[in-house]
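Down below is the structure, laid out as structure tokens.
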Amino acid sequence: SRTVSRAADGVVSVGGIDVKRLADEFGTPGFFLDESDFRERCRAWRDAFGEDADVFYAGKAFLSRAIVRWLHEEGLNLDVCSGGELATALAAGMPAERIALHGNNKSTEEITRAVEAGVGRIVLDSFQEIVRVAHIAERLGKRQRVQIRVTVGVEAHTHEFIATAHEDQKFGLALAGGQAAEAVRRALKLDGLELVGIHSHIGSQIFDMAGFEVSARRVVQLLAEVRDEHGVELPEIDLGGGLGIAYTSEDDPREPREIAAALRDIVTRECAAAGLAVPRISVEPGRAIVGPTAFTLYEVGTVKELPGLRTYVSVDGGMSDNIRTALYDADYSVALVSRTSTAEPMLTRVVGKHCESGDIVVRDAFLPADVAPGDLLAVPATGAYCRSMASNYNHALRPPVVAVTDGEARVIVRRETEEDLLRLDVG
Ligand code: LLP
């Protein structure tokens with residue numbers, strides 16, 4: 001977050017409010033999200049891509065009504081991938097034409113609701129779905145704008161991309177072997193569909209632009225093939241999301257401006273070579289916008305020293321509010337934020353309160369050797385895929401999300417209560 005500072009007494013503030021006050025007022029664990037930072041990042045992406053491109057925020061990273069309103073105000077569009085995300089987007093007033101619907105197994109109900117609402121695009125992911133969306137649109141007397149999601153043969157991993165085994169996953173239709181071209185053929189024949197473009201998403205937490213370059217090149221090649229076969233120039237391409245953020249000081253993310261320039265250059269060059277007009281480009285960053293804007297605040301409950309091994313520092317949350325360490329072996333950092341300490345740094349493992357040993361928040365963390373119950377710890381860069389992937393494991397109450405800006409803090413998603421849990425339990 002961009003508005004974090006530490007006072008002489010060691011107490012950290014965000015957006016002008018110190019963490020002790022945040023913990024007193026809102027409790028721990030909690031997600032504290034810097035609204036100004038979020039809005040600035042939206043604007044940076046918008047400005048970098050300019051008027052002839054669209055930025056679709058990927059709602060799966062984190063979505064709430066406040067987020068939708070901020071996106072709307074900052075001129076971003078929204079990518080949703082479920083009925084629940086669509087309902088949130090519409091409830092918060094996002095104009096339907098600025099919403100894109102994704103997913104490899106959208107239900108008939110989800111598709112119907114999206115077409116009825118008039119979403120700007122549905123991204124088609126299988127042969128069956130091409131027919132399904134066309135039929136629903138025809139039945140509703142509409143022509144639905146669609147893109148076809150293709151797999152370009154680039155599999156992006158954290159920090160690298162490799163070009164093997166890429167087609168062996170559930171998303172999209174492969175360029176190799178002609179499934180993508182066949183999907184275009186079928187979509188162009190159906191009255192209920194207006195095929196406007198091709199979509200490619202290569203992976204997540206990527207730092208290297210090389211994977212995007214290959215992806216853009218192959219998508220443009222498909223546009224040229226479509227022109228040659230059908231005499232149609234599809235007007236749009238979407239290059240997906242996946243831009244990496246700094247979880248620790250070892251990560252070195254690209255700025256939106258650099259990313260936009262690189263993508264625009266490669267698309268322009270490939271289109272010139274193929275004799276195509278440059279299509280409208282869109283991207284779908286989720287993590288890169290919301291990830292860095294929030295941190296999780298925890299309180300230390302117990303400290304257990306295992307002689308000759310390590311010290312376990314247990315906090316009042318864990319895998320129910322951040323599954324990423326357990327699921328992806330993700331790296332996070334952590335800091336003592338409620339006081340200064342002159343104690344020596346000590347290698348610790350910060351763990352949660354859940355009933356399994358894999359419940360790790362930060363695998364290897366240096367904390368002052370006098371870390372003790374009652375201390376507040378902050379884990380930065382938890383804005384993406386933490387609250388949105390939170391669970392009620394062990395009947396944990398999912399933490400609130402509090403927006404902090406200019407000396408004010410307000411809850412945008414409240415903490416769950418035991419009543420919330422019991423309300424669903426109707427046995
Ligand atoms: N567009 C599509 C079609 C996607 O599938 C995704 C992410 C995005 C955009 C946004 O990607 P981002 O810019 O946020 O990396 N739960 C995982 C990430 C899964 C992402 C799935 N799709 C995590 O915690 O890292």
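Labels for the structure tokens follow display order: chains A, B, ..., residues from 1 in each chain, ligands from 1.
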Env of A:Ala187: 7 Å cut, atoms = only C-alpha atoms, seq-sep filter 5 positions within chain, self excluded. Answer as a PyMOL selection string.
chain A and resi 130+193+195
Just the selected residues (N, CA and C atoms), exported as an mmCIF file, in the first residue's frame, please.
```cif
data_model
loop_
_atom_site.group_PDB
_atom_site.id
_atom_site.type_symbol
_atom_site.label_atom_id
_atom_site.label_comp_id
_atom_site.auth_asym_id
_atom_site.auth_seq_id
_atom_site.Cartn_x
_atom_site.Cartn_y
_atom_site.Cartn_z
ATOM 1 N N ILE A 130 -20.928 -22.622 -27.154
ATOM 2 C CA ILE A 130 -21.210 -21.784 -28.329
ATOM 3 C C ILE A 130 -22.689 -21.922 -28.697
ATOM 4 N N LEU A 193 -25.331 -15.040 -32.035
ATOM 5 C CA LEU A 193 -24.007 -14.584 -31.608
ATOM 6 C C LEU A 193 -23.444 -13.507 -32.531
ATOM 7 N N LEU A 195 -19.812 -12.534 -33.018
ATOM 8 C CA LEU A 195 -18.432 -12.840 -32.628
ATOM 9 C C LEU A 195 -17.581 -11.591 -32.842
#
```
Hey, what's within 10 Å of A:Leu90 if we count only C-alpha atoms and toss same-chain stuff fewer than 2 positions away? As a compact mmCIF listing (two decimals) with N, CA and C atoms, in the first residue's frame, please?
```
# COMPACT_ATOMS: atom_id res chain seq x y z
N ARG A 65 -19.47 -4.61 -3.31
CA ARG A 65 -20.18 -3.50 -3.94
C ARG A 65 -19.34 -2.23 -4.00
N VAL A 68 -16.97 -2.41 -6.86
CA VAL A 68 -17.66 -2.20 -8.14
C VAL A 68 -17.88 -0.71 -8.37
N GLY A 84 -22.75 -15.30 -8.90
CA GLY A 84 -22.59 -14.47 -7.70
C GLY A 84 -21.84 -13.18 -7.99
N GLU A 85 -20.77 -13.29 -8.79
CA GLU A 85 -20.03 -12.08 -9.15
C GLU A 85 -20.88 -11.17 -10.04
N LEU A 86 -21.64 -11.78 -10.94
CA LEU A 86 -22.52 -10.99 -11.81
C LEU A 86 -23.56 -10.26 -10.98
N ALA A 87 -24.14 -10.96 -10.00
CA ALA A 87 -25.17 -10.34 -9.15
C ALA A 87 -24.58 -9.17 -8.38
N THR A 88 -23.35 -9.33 -7.88
CA THR A 88 -22.71 -8.24 -7.12
C THR A 88 -22.47 -7.03 -8.03
N ALA A 92 -24.44 -3.40 -7.61
CA ALA A 92 -23.72 -2.17 -7.28
C ALA A 92 -23.75 -1.16 -8.43
N GLY A 93 -24.52 -1.49 -9.47
CA GLY A 93 -24.75 -0.49 -10.51
C GLY A 93 -23.74 -0.45 -11.65
N MET A 94 -22.96 -1.50 -11.81
CA MET A 94 -22.07 -1.51 -12.98
C MET A 94 -22.94 -1.66 -14.23
N PRO A 95 -22.80 -0.76 -15.22
CA PRO A 95 -23.60 -0.92 -16.44
C PRO A 95 -23.27 -2.27 -17.09
N ALA A 96 -24.33 -2.99 -17.48
CA ALA A 96 -24.13 -4.34 -17.99
C ALA A 96 -23.18 -4.38 -19.18
N ILE A 99 -19.61 -5.24 -18.49
CA ILE A 99 -19.32 -6.50 -17.80
C ILE A 99 -19.03 -7.60 -18.82
N ALA A 114 -27.07 -13.25 -17.73
CA ALA A 114 -26.11 -12.33 -18.35
C ALA A 114 -26.67 -11.76 -19.66
N ALA A 117 -29.48 -9.33 -18.90
CA ALA A 117 -28.98 -8.07 -18.36
C ALA A 117 -28.32 -7.23 -19.46
N VAL A 119 -25.02 -8.04 -20.89
CA VAL A 119 -23.57 -7.90 -20.66
C VAL A 119 -22.83 -7.64 -21.98
```
Distance limit 7 Å, reference ligand 1, atoms considered: only C-alpha atoms and all ligand atoms. Which residues make the cut? Give them as number ranges by chain.
A: 58, 61, 102, 201, 203-205, 240-244, 284-288, 324, 384-385
For the selection just defined, write its residues with N, CA and C atoms to a file, as a CSV table (one decimal), in the first residue's frame.
```csv
chain,number,residue,atom,x,y,z
A,58,ALA,N,-10.5,-8.1,-12.9
A,58,ALA,CA,-10.9,-9.5,-12.7
A,58,ALA,C,-11.5,-9.6,-11.3
A,61,ALA,N,-10.4,-11.7,-8.0
A,61,ALA,CA,-9.3,-11.4,-7.1
A,61,ALA,C,-9.9,-10.9,-5.8
A,102,HIS,N,-17.1,-14.8,-17.8
A,102,HIS,CA,-16.2,-15.9,-18.1
A,102,HIS,C,-16.6,-17.2,-17.5
A,201,HIS,N,-5.8,-16.0,-22.0
A,201,HIS,CA,-5.3,-15.7,-20.7
A,201,HIS,C,-4.2,-16.8,-20.4
A,203,GLY,N,-2.0,-17.2,-17.7
A,203,GLY,CA,-1.6,-17.6,-16.3
A,203,GLY,C,-1.6,-16.5,-15.4
A,204,SER,N,-0.9,-16.7,-14.2
A,204,SER,CA,-1.0,-15.7,-13.2
A,204,SER,C,0.4,-15.4,-12.5
A,205,GLN,N,0.5,-14.2,-11.9
A,205,GLN,CA,1.7,-13.8,-11.2
A,205,GLN,C,2.9,-13.9,-12.1
A,240,GLY,N,-6.0,-11.1,-21.5
A,240,GLY,CA,-6.2,-11.7,-20.2
A,240,GLY,C,-5.5,-10.9,-19.1
A,241,GLY,N,-5.4,-11.5,-17.9
A,241,GLY,CA,-4.7,-10.9,-16.8
A,241,GLY,C,-3.4,-11.6,-16.5
A,242,GLY,N,-3.1,-11.6,-15.2
A,242,GLY,CA,-1.9,-12.4,-14.8
A,242,GLY,C,-0.6,-11.7,-14.5
A,243,LEU,N,-0.7,-10.3,-14.5
A,243,LEU,CA,0.5,-9.6,-14.2
A,243,LEU,C,0.9,-9.7,-12.7
A,244,GLY,N,2.1,-9.9,-12.5
A,244,GLY,CA,2.6,-10.2,-11.1
A,244,GLY,C,2.7,-9.0,-10.2
A,284,GLU,N,-7.2,-8.0,-18.5
A,284,GLU,CA,-8.0,-8.3,-17.3
A,284,GLU,C,-7.2,-8.5,-16.0
A,285,PRO,N,-6.6,-7.4,-15.6
A,285,PRO,CA,-5.8,-7.5,-14.4
A,285,PRO,C,-6.6,-7.6,-13.1
A,286,GLY,N,-6.4,-8.5,-12.2
A,286,GLY,CA,-7.1,-8.6,-11.0
A,286,GLY,C,-6.1,-8.3,-9.9
A,287,ARG,N,-5.2,-9.3,-9.7
A,287,ARG,CA,-4.1,-9.1,-8.6
A,287,ARG,C,-3.4,-7.8,-8.7
A,288,ALA,N,-3.0,-7.4,-9.9
A,288,ALA,CA,-2.1,-6.2,-10.1
A,288,ALA,C,-2.8,-5.0,-9.6
A,324,ARG,N,-3.3,-19.2,0.3
A,324,ARG,CA,-2.4,-19.2,-0.8
A,324,ARG,C,-1.0,-19.9,-0.4
A,384,ALA,N,-5.6,-9.6,-3.0
A,384,ALA,CA,-6.1,-10.5,-4.1
A,384,ALA,C,-6.1,-11.9,-3.6
A,385,TYR,N,-7.2,-12.6,-3.9
A,385,TYR,CA,-7.3,-14.1,-3.7
A,385,TYR,C,-7.0,-14.5,-2.2
```
Can you tell me which residues surround A:Lys353 at a distance of at most 9 Å, considering only C-alpha atoms, apart from same-chain residues fewer than 2 positions away, and format the answer as a list in words?
Ser314, Val315, Asp316, Gly317, Gly318, Met319, Val351, Cys355, Glu356 and Asp359 of chain A
Taking the backbone alone, and naming residues the way the document does, which bits of stretch 139-355 of chain A are strand (DSSP E or B) by DSSP, as JSON, numbers by chain?
{"A": [144, 145, 146, 147, 148, 149, 150, 151, 155, 156, 157, 160, 161, 162, 173, 174, 193, 194, 195, 196, 197, 198, 199, 206, 236, 237, 238, 243, 280, 281, 282, 283, 294, 295, 296, 297, 298, 299, 300, 301, 302, 303, 304, 305, 306, 310, 311, 312, 313, 314, 315, 335, 336, 338, 345, 346, 347, 348, 349, 350, 351]}
Of the listed residues A:Val11, A:Tyr298, A:Asp321, A:Lys142, that which approaches A:Met389 most closely, counting only C-alpha atoms
A:Asp321
Find the residues around stretch 26-31 of chain A up to 10 Å (only C-alpha atoms counted), leave out those fewer than 4 positions away in its own chain, and share them as an MDAnalysis selection string.
chainID A and resid 20:22 293:300 315:318 321 376:380 382:383 386:387 397:403 409:411 413:415
From a backbone DSSP assignment, name each residue in stretch 259-397 of chain A labelled helix (DSSP H, G or I), as a PyMOL selection string.
chain A and resi 259-274+287-293+324-328+387-389+393-395
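For the set A:Val337, A:Ile237, A:Leu76, A:Val184, the residue with the smallest atom-to-atom gap to A:Arg217 is A:Ile237, counting only C-alpha atoms.
The nearest approach to A:Glu255 among the residues A:Glu74, A:Met209, A:Ala335, A:Leu309, with only C-alpha atoms taken into account, belongs to A:Met209.
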For atom CA of A:Val220 and atom CA of A:Glu270, determine how far apart the two atoms are, in Å to one decimal place.
6.6 Å
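All residues of protein, DNA or RNA that reach within 12 Å of A:His230, judged by only C-alpha atoms and not counting those fewer than 6 positions away in the chain, are Ala181, Glu182, Val184, Arg185, Arg186, Ala187, Leu188, Lys189, Leu222, Leu223 and Ala224 of chain A.
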Write out the residues from the selection above, keeping C-alpha atoms, as a CSV table (one decimal), in the first residue's frame.
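Writing done, so here's result.csv:
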```csv
chain,number,residue,atom,x,y,z
A,181,ALA,CA,-10.5,-22.1,-35.9
A,182,GLU,CA,-13.4,-24.6,-35.8
A,184,VAL,CA,-14.8,-19.5,-35.0
A,185,ARG,CA,-16.4,-21.3,-37.9
A,186,ARG,CA,-19.3,-22.5,-35.7
A,187,ALA,CA,-19.8,-19.2,-33.9
A,188,LEU,CA,-20.0,-17.2,-37.1
A,189,LYS,CA,-22.9,-19.3,-38.4
A,222,LEU,CA,-5.7,-16.5,-35.8
A,223,LEU,CA,-7.3,-13.2,-36.7
A,224,ALA,CA,-5.4,-13.3,-40.1
```
Quick one: of A:Ala369, A:Val404, A:Ile122, A:Ala89, who's nearest to A:Ser13, counting only C-alpha atoms?
A:Val404
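Distances to A:Glu236 were evaluated for A:Pro307, A:Pro279, A:Pro253, A:Gly103 using only C-alpha atoms, and the minimum falls at A:Pro279.
With atom CA of A:Thr151 on one side and atom CA of A:Leu173 on the other, the separation reads 5.7 Å.
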